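Accompanying notes for the structure given below.
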Amino acid sequence: MSSVGVSKFEDLSAVPSNVTDTEPVLAVENLETIFHTQDGKVHAVNGVSFSLQAGELLGVVGESGSGKSVTMMSCLKLLPMPPAEIVNGSATFQGRDLLELNIQDLREVRGGDIGFIFQDPMTSLNPVFTIGFQLMEPLRIHLGMNKREARERAIELLQLVGIPSADQRLKDFPHQFSGGMRQRVMIAIALACDPKVLFADEPTTALDVTVQAQIIELVKDLREKFGTAIIWVTHDLGVVAGIADRVAVMYGGQIVEYADVESLYNNPRHPYTQALLETLPSHEGGRDRRLRSIPGQAPSLTAALTSCPFAPRCTQAHERCHAQNPPLFEVNENQQSRCWLEAEDSVV
Amino acid sequence: MGSYAIRRLLFAIPTLLVISFIVFGILDLAPGDPTGQLPLTIPPEVREQIREALGFNQPFIVRYGLWLQQFLINEPLNLLEKTCDGTWCADWFASSETRLRVTSWSTRSPVVDLIIERTPQTLWVVGMSYVVGILIAIPIGIVSAYKQYSIFDQVGTFISMIGFSVPTFFTGVLMIVIFSVQLGWFPSVYDTTLVVNDWPSFWLQVKQMIMPVMVLALFNASQLSRFMRASMLDNLSQDYVRTARAKGVAEKIVLLVHVLRNSLIPVITVIALSIPQIFGGAIITEQIFRVNGLGALLINGIQSADYPLVQTLTFLFAVLIVLFNLIADLLYGMLDPRIRYD
Ligand SMILES: Nc1ncnc2c1ncn2[C@@H]1O[C@H](COP(=O)(O)OP(=O)(O)OP(=O)(O)O)[C@@H](O)[C@H]1O
Ligand SMILES: [Mg+2]
């Protein structure tokens, strides 16, 4: 982006560094998405790269507005365009770039090989159609099932996600389900056609803790049974610690730290990750259980990044941080951090 | 839902009685004299006698009571008599000669008969214009919402702004000038006596209906297509639309099944609520094209201070409005599963 030396590092980030050397199921490279709004452009995603192996669970964390949802939706072009525009990047799935596919081929991937669970279960289901209709739709589209087959499979799926008396609930409408139940239905829809990749955008944020725990168990199960690769977006670093293989920390529309779970929690490199981990209520401390937050405002993203977006809130920021946006530096083979502190002796 | 409907209907009875009383009271307060239109040569004593004969000098409450009895008891009994005529119950209600009917002062014929005579024209012209208007408005609303800010949408917005803001008496006269006077394609006067019994007469009927129907349809469609567009736009930005796309549903089905089904709920309610206006007749359009429907009947009644006629017509409109309010509510409950009446 800024200099030749820097773009070398950008390329490095696309190569999965820790896991095996098999082909990734999904490889997103240098994704950039902007919104054209009345007040000008919003640079929501600024060069995001990550990849996913079969059966791997990638946790994506970051505060509100850091571009997590927009990144996920860009991969399947689910954003309203306009105002959204994907200006750069690729998302390679089974050797094809999803961003270049024609709409017909893309539709075959959506809901078939790639499932998507959205952030808000209360509004993500169509209020005037039954759960059965909405659950059977992808089965009939992608697997060509007839009504009876789709019904049987739908019952199986509802049982799988733990909805009791599934065959009767098929003819119920979304408003007859609680929030947790609706999220389970969303999960059932996303899993309907045995996807190879599952995008789960804060699947448990809207739910209470016990339901959340059940759903996390469910997802773990599915992963072991079907080898689905999962991208799990969340605010909750605690959840990520329990289920993820690798974690991408997002800030200002970029991945600022990308590491396997142990490295990230034991040795967080990016100041933002460190601050984020400090906000976790500590279990050992006993007395000090107040929730802490990172002081300062989230970046506005109205212009392309020319400096580190975290610099204004960073306790370790120095001159260079305000002048140039850092690339992702390889800290070790399992960890990358987008911070000038890593640059000490490596880069110009 | 059945018991809800019955409960609502029962509630409607006192409402309608109050409405009828208020209408009667307002008409009574309004200036006007049933003999006002008679030639000036008629001497005042004779006028007084005419008023006496019409019952105009009776106290307000007596006239109201008589109207209630004639319209709400005698007329239904007459109807029953007619339907039972020649069957086993024939002599249950057979005493129509002794039953007084609500009678129009200016024409001396029973008001109910007048209304029955005028209804078909109004239903044909105004009703047809509603049907045409709806058939035009819904597709236009869908396309302009889906292609928001496209050329199609801009042109549609412009035309519907014109259609909505230019009054029908202007578009009506303009159409007459262009299509009847200049081009001579359609007759400018609607011929109510035309009997349709073969293709040529059917064609004549179509030709004389085109202009009034189109004038009204343009007006109705302008309003409704805007409403349809807004309703579609509301739903297009909902999360469930994204869910449907994420399932791989084809765009046509997303639009015409997922979004349309939701968008039609308020639109159908609005259509149901506006149906009583059809019976009200499009007063101005009926005047311009000389369609002697219910609107024209009401205007004549008002001009000649024909209180029984105006009272009865107004009351019937009130009944229709109350009835279609109920129907709109029931439709809403049927279309939207989230709403349950019990
Ligand atoms: N339709 C839109 N129009 C304009 N800007 C948008 C739109 N959708 C998202 N954005 C912007 O994109 C940025 C990223 O939003 P995104 O929804 O991806 O955040 P997020 O990380 O998912 O946050 P949350 O944790 O609250 O879900 C935000 O700054 C937001 O304002
Ligand atoms: Mg989000």
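Numbering starts fresh at 1 for the residues of each chain in the structure tokens, the chains themselves are lettered A, B, ... in the order given, and ligands are numbered from 1 as they appear.
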Could you list, as a ChimeraX atom specification, all protein and nucleic acid residues with an atom at most 10 Å from ligand 1, counting only C-alpha atoms and all ligand atoms?
/A:33-45,60-74,79-84,118-120,201-202,205,233-235,250-253,298-302 /B:237
Skip segment 188-194 of chain A itself and residues of its chain fewer than 6 positions away, then list as a ChimeraX atom specification all residues within 7 Å of it, counting only C-alpha atoms.
/A:111-112,115-117,135,138-139,157-158,161
Can you tell me, as a PyMOL selection string, what residues are no more than 10 Å from Ile61 of chain B when counting only C-alpha atoms, ignoring any on the same chain fewer than 5 positions away?
chain B and resi 21+24-25+66-67
Based on only C-alpha atoms, which of the residues in chain A come within 7 Å of chain B? I want them as a PDB file with N, CA and C atoms, in the first residue's frame.
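Saved the output as selection.pdb:
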ATOM      1  N   LEU A  78     -22.708 -10.031   0.146  1.00  0.00           N
ATOM      2  CA  LEU A  78     -24.038  -9.907   0.730  1.00  0.00           C
ATOM      3  C   LEU A  78     -24.347  -8.476   1.168  1.00  0.00           C
ATOM      4  N   ARG A 107     -24.676 -17.789  -6.260  1.00  0.00           N
ATOM      5  CA  ARG A 107     -25.863 -18.279  -5.550  1.00  0.00           C
ATOM      6  C   ARG A 107     -25.736 -19.745  -5.190  1.00  0.00           C
ATOM      7  N   GLU A 108     -25.058 -20.495  -6.050  1.00  0.00           N
ATOM      8  CA  GLU A 108     -24.881 -21.909  -5.736  1.00  0.00           C
ATOM      9  C   GLU A 108     -23.986 -22.108  -4.515  1.00  0.00           C
ATOM     10  N   ARG A 110     -23.551 -19.739  -2.043  1.00  0.00           N
ATOM     11  CA  ARG A 110     -24.278 -19.205  -0.887  1.00  0.00           C
ATOM     12  C   ARG A 110     -25.297 -20.219  -0.385  1.00  0.00           C
ATOM     13  N   GLY A 111     -25.207 -20.547   0.874  1.00  0.00           N
ATOM     14  CA  GLY A 111     -26.199 -21.448   1.454  1.00  0.00           C
ATOM     15  C   GLY A 111     -25.934 -22.902   1.122  1.00  0.00           C
ATOM     16  N   PHE A 116     -24.064 -19.119   6.396  1.00  0.00           N
ATOM     17  CA  PHE A 116     -23.885 -17.827   7.036  1.00  0.00           C
ATOM     18  C   PHE A 116     -24.879 -17.663   8.179  1.00  0.00           C
ATOM     19  N   THR A 123     -34.236 -10.445  13.793  1.00  0.00           N
ATOM     20  CA  THR A 123     -34.736  -9.870  12.537  1.00  0.00           C
ATOM     21  C   THR A 123     -34.276 -10.642  11.309  1.00  0.00           C
ATOM     22  N   SER A 124     -33.506 -11.695  11.509  1.00  0.00           N
ATOM     23  CA  SER A 124     -32.932 -12.364  10.344  1.00  0.00           C
ATOM     24  C   SER A 124     -33.843 -13.401   9.711  1.00  0.00           C
ATOM     25  N   LEU A 125     -34.973 -13.677  10.344  1.00  0.00           N
ATOM     26  CA  LEU A 125     -35.917 -14.620   9.735  1.00  0.00           C
ATOM     27  C   LEU A 125     -37.110 -13.841   9.190  1.00  0.00           C
ATOM     28  N   ASN A 126     -37.683 -14.346   8.112  1.00  0.00           N
ATOM     29  CA  ASN A 126     -38.823 -13.668   7.498  1.00  0.00           C
ATOM     30  C   ASN A 126     -40.078 -13.894   8.340  1.00  0.00           C
ATOM     31  N   VAL A 128     -43.241 -13.641   7.920  1.00  0.00           N
ATOM     32  CA  VAL A 128     -44.518 -14.158   7.417  1.00  0.00           C
ATOM     33  C   VAL A 128     -44.434 -15.582   6.868  1.00  0.00           C
ATOM     34  N   PRO A 138     -33.242 -23.744   1.377  1.00  0.00           N
ATOM     35  CA  PRO A 138     -31.917 -24.096   0.851  1.00  0.00           C
ATOM     36  C   PRO A 138     -31.811 -25.565   0.455  1.00  0.00           C
ATOM     37  N   HIS A 175     -42.070 -15.559  15.126  1.00  0.00           N
ATOM     38  CA  HIS A 175     -42.417 -14.850  16.367  1.00  0.00           C
ATOM     39  C   HIS A 175     -42.831 -15.812  17.477  1.00  0.00           C
TER      40      HIS A 175
END
Mind giving me the straight-line distance from atom CA of Ser337 of chain A to atom CA of Val197 of chain A in Å, one decimal?
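About the pair atom CA of Ser337 of chain A and atom CA of Val197 of chain A: they are 25.5 Å apart.
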Find the residues around Phe227 of chain B up to 10 Å (only C-alpha atoms counted), leave out those fewer than 3 positions away in its own chain, and share them as a PyMOL selection string.
chain B and resi 137-138+141+221-224+230-233+263+266-267+270
Any idea what's packed within 7 Å of Ser106 of chain B, counting only C-alpha atoms, ignoring anything in its chain fewer than 2 positions away? Could you give it as a PDB file with N, CA and C atoms, in the first residue's frame?
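New file out.pdb:
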ATOM      1  N   SER B 104     -87.688   9.864  -1.429  1.00  0.00           N
ATOM      2  CA  SER B 104     -86.976  11.071  -1.842  1.00  0.00           C
ATOM      3  C   SER B 104     -87.984  12.197  -2.040  1.00  0.00           C
ATOM      4  N   ARG B 108     -89.913  11.788  -5.408  1.00  0.00           N
ATOM      5  CA  ARG B 108     -91.066  11.057  -4.891  1.00  0.00           C
ATOM      6  C   ARG B 108     -90.912   9.549  -5.033  1.00  0.00           C
ATOM      7  N   SER B 304     -81.094  19.873  -4.083  1.00  0.00           N
ATOM      8  CA  SER B 304     -82.533  20.079  -3.938  1.00  0.00           C
ATOM      9  C   SER B 304     -82.989  19.880  -2.493  1.00  0.00           C
ATOM     10  N   ASP B 306     -82.884  17.481  -0.543  1.00  0.00           N
ATOM     11  CA  ASP B 306     -83.646  16.236  -0.431  1.00  0.00           C
ATOM     12  C   ASP B 306     -83.108  15.468   0.780  1.00  0.00           C
TER      13      ASP B 306
END
Quick one: residues within 7 Å of Ile231 of chain A, only C-alpha atoms, excluding same-chain residues fewer than 4 positions away - as a list in words?
Leu57, Leu58, Gly59, Leu198, Phe199 and Ala200 of chain A
Same residues, N, CA, C and O atoms, saved as a CSV table (one decimal), in the first residue's frame:
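To be explicit, this is the file written out as result.csv:
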chain,number,residue,atom,x,y,z
A,57,LEU,N,-11.1,-23.5,13.2
A,57,LEU,CA,-12.0,-22.4,13.7
A,57,LEU,C,-11.2,-21.2,13.9
A,57,LEU,O,-10.3,-21.1,14.7
A,58,LEU,N,-11.5,-20.2,13.1
A,58,LEU,CA,-10.8,-18.9,13.2
A,58,LEU,C,-11.7,-17.9,14.0
A,58,LEU,O,-12.8,-17.7,13.6
A,59,GLY,N,-11.2,-17.4,15.1
A,59,GLY,CA,-12.0,-16.5,15.9
A,59,GLY,C,-11.6,-15.1,15.4
A,59,GLY,O,-10.5,-14.8,15.1
A,198,LEU,N,-18.4,-22.1,7.4
A,198,LEU,CA,-19.5,-21.5,8.1
A,198,LEU,C,-19.0,-20.2,8.6
A,198,LEU,O,-18.1,-20.1,9.4
A,199,PHE,N,-19.7,-19.1,8.2
A,199,PHE,CA,-19.5,-17.8,8.7
A,199,PHE,C,-20.5,-17.6,9.9
A,199,PHE,O,-21.7,-17.7,9.7
A,200,ALA,N,-20.0,-17.4,11.1
A,200,ALA,CA,-20.9,-17.2,12.2
A,200,ALA,C,-20.6,-15.8,12.8
A,200,ALA,O,-19.6,-15.6,13.5
Near Lys225 of chain A, counting only C-alpha atoms, which residues have an atom at most 10 Å away, once you skip same-chain residues fewer than 5 positions from it, shown as a ChimeraX atom specification?
/A:55,219-220
If you keep N, CA and C atoms, can you produce a file of those selected residues as a PDB file, in the first residue's frame?
ATOM      1  N   GLY A  55     -11.852 -27.738   8.789  1.00  0.00           N
ATOM      2  CA  GLY A  55     -12.019 -28.065  10.193  1.00  0.00           C
ATOM      3  C   GLY A  55     -11.437 -27.056  11.154  1.00  0.00           C
ATOM      4  N   VAL A 219     -21.618 -26.088  18.175  1.00  0.00           N
ATOM      5  CA  VAL A 219     -20.703 -25.795  17.083  1.00  0.00           C
ATOM      6  C   VAL A 219     -19.456 -26.667  17.171  1.00  0.00           C
ATOM      7  N   LYS A 220     -18.962 -26.876  18.389  1.00  0.00           N
ATOM      8  CA  LYS A 220     -17.805 -27.761  18.563  1.00  0.00           C
ATOM      9  C   LYS A 220     -18.101 -29.149  18.007  1.00  0.00           C
TER      10      LYS A 220
END
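When only C-alpha atoms are used to compute distances to Leu294 of chain B, the closest of the residues B:Leu204, B:Leu183, B:Val125, B:Ile19 turns out to be B:Val125.
The coordinates place atom CA of Phe324 of chain B at 14.8 Å from atom CA of Tyr4 of chain B.
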Just list the residues in segment 135-341 of chain B DSSP gives alpha helix (DSSP H) on the backbone, as number ranges by chain.
B: 135-146, 151-165, 168-175, 199-236, 239-246, 251-253, 260-280, 283-288, 294-303, 307-335
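The space between atom CA of Ala12 of chain B and atom CA of Leu331 of chain B spans 17.8 Å.
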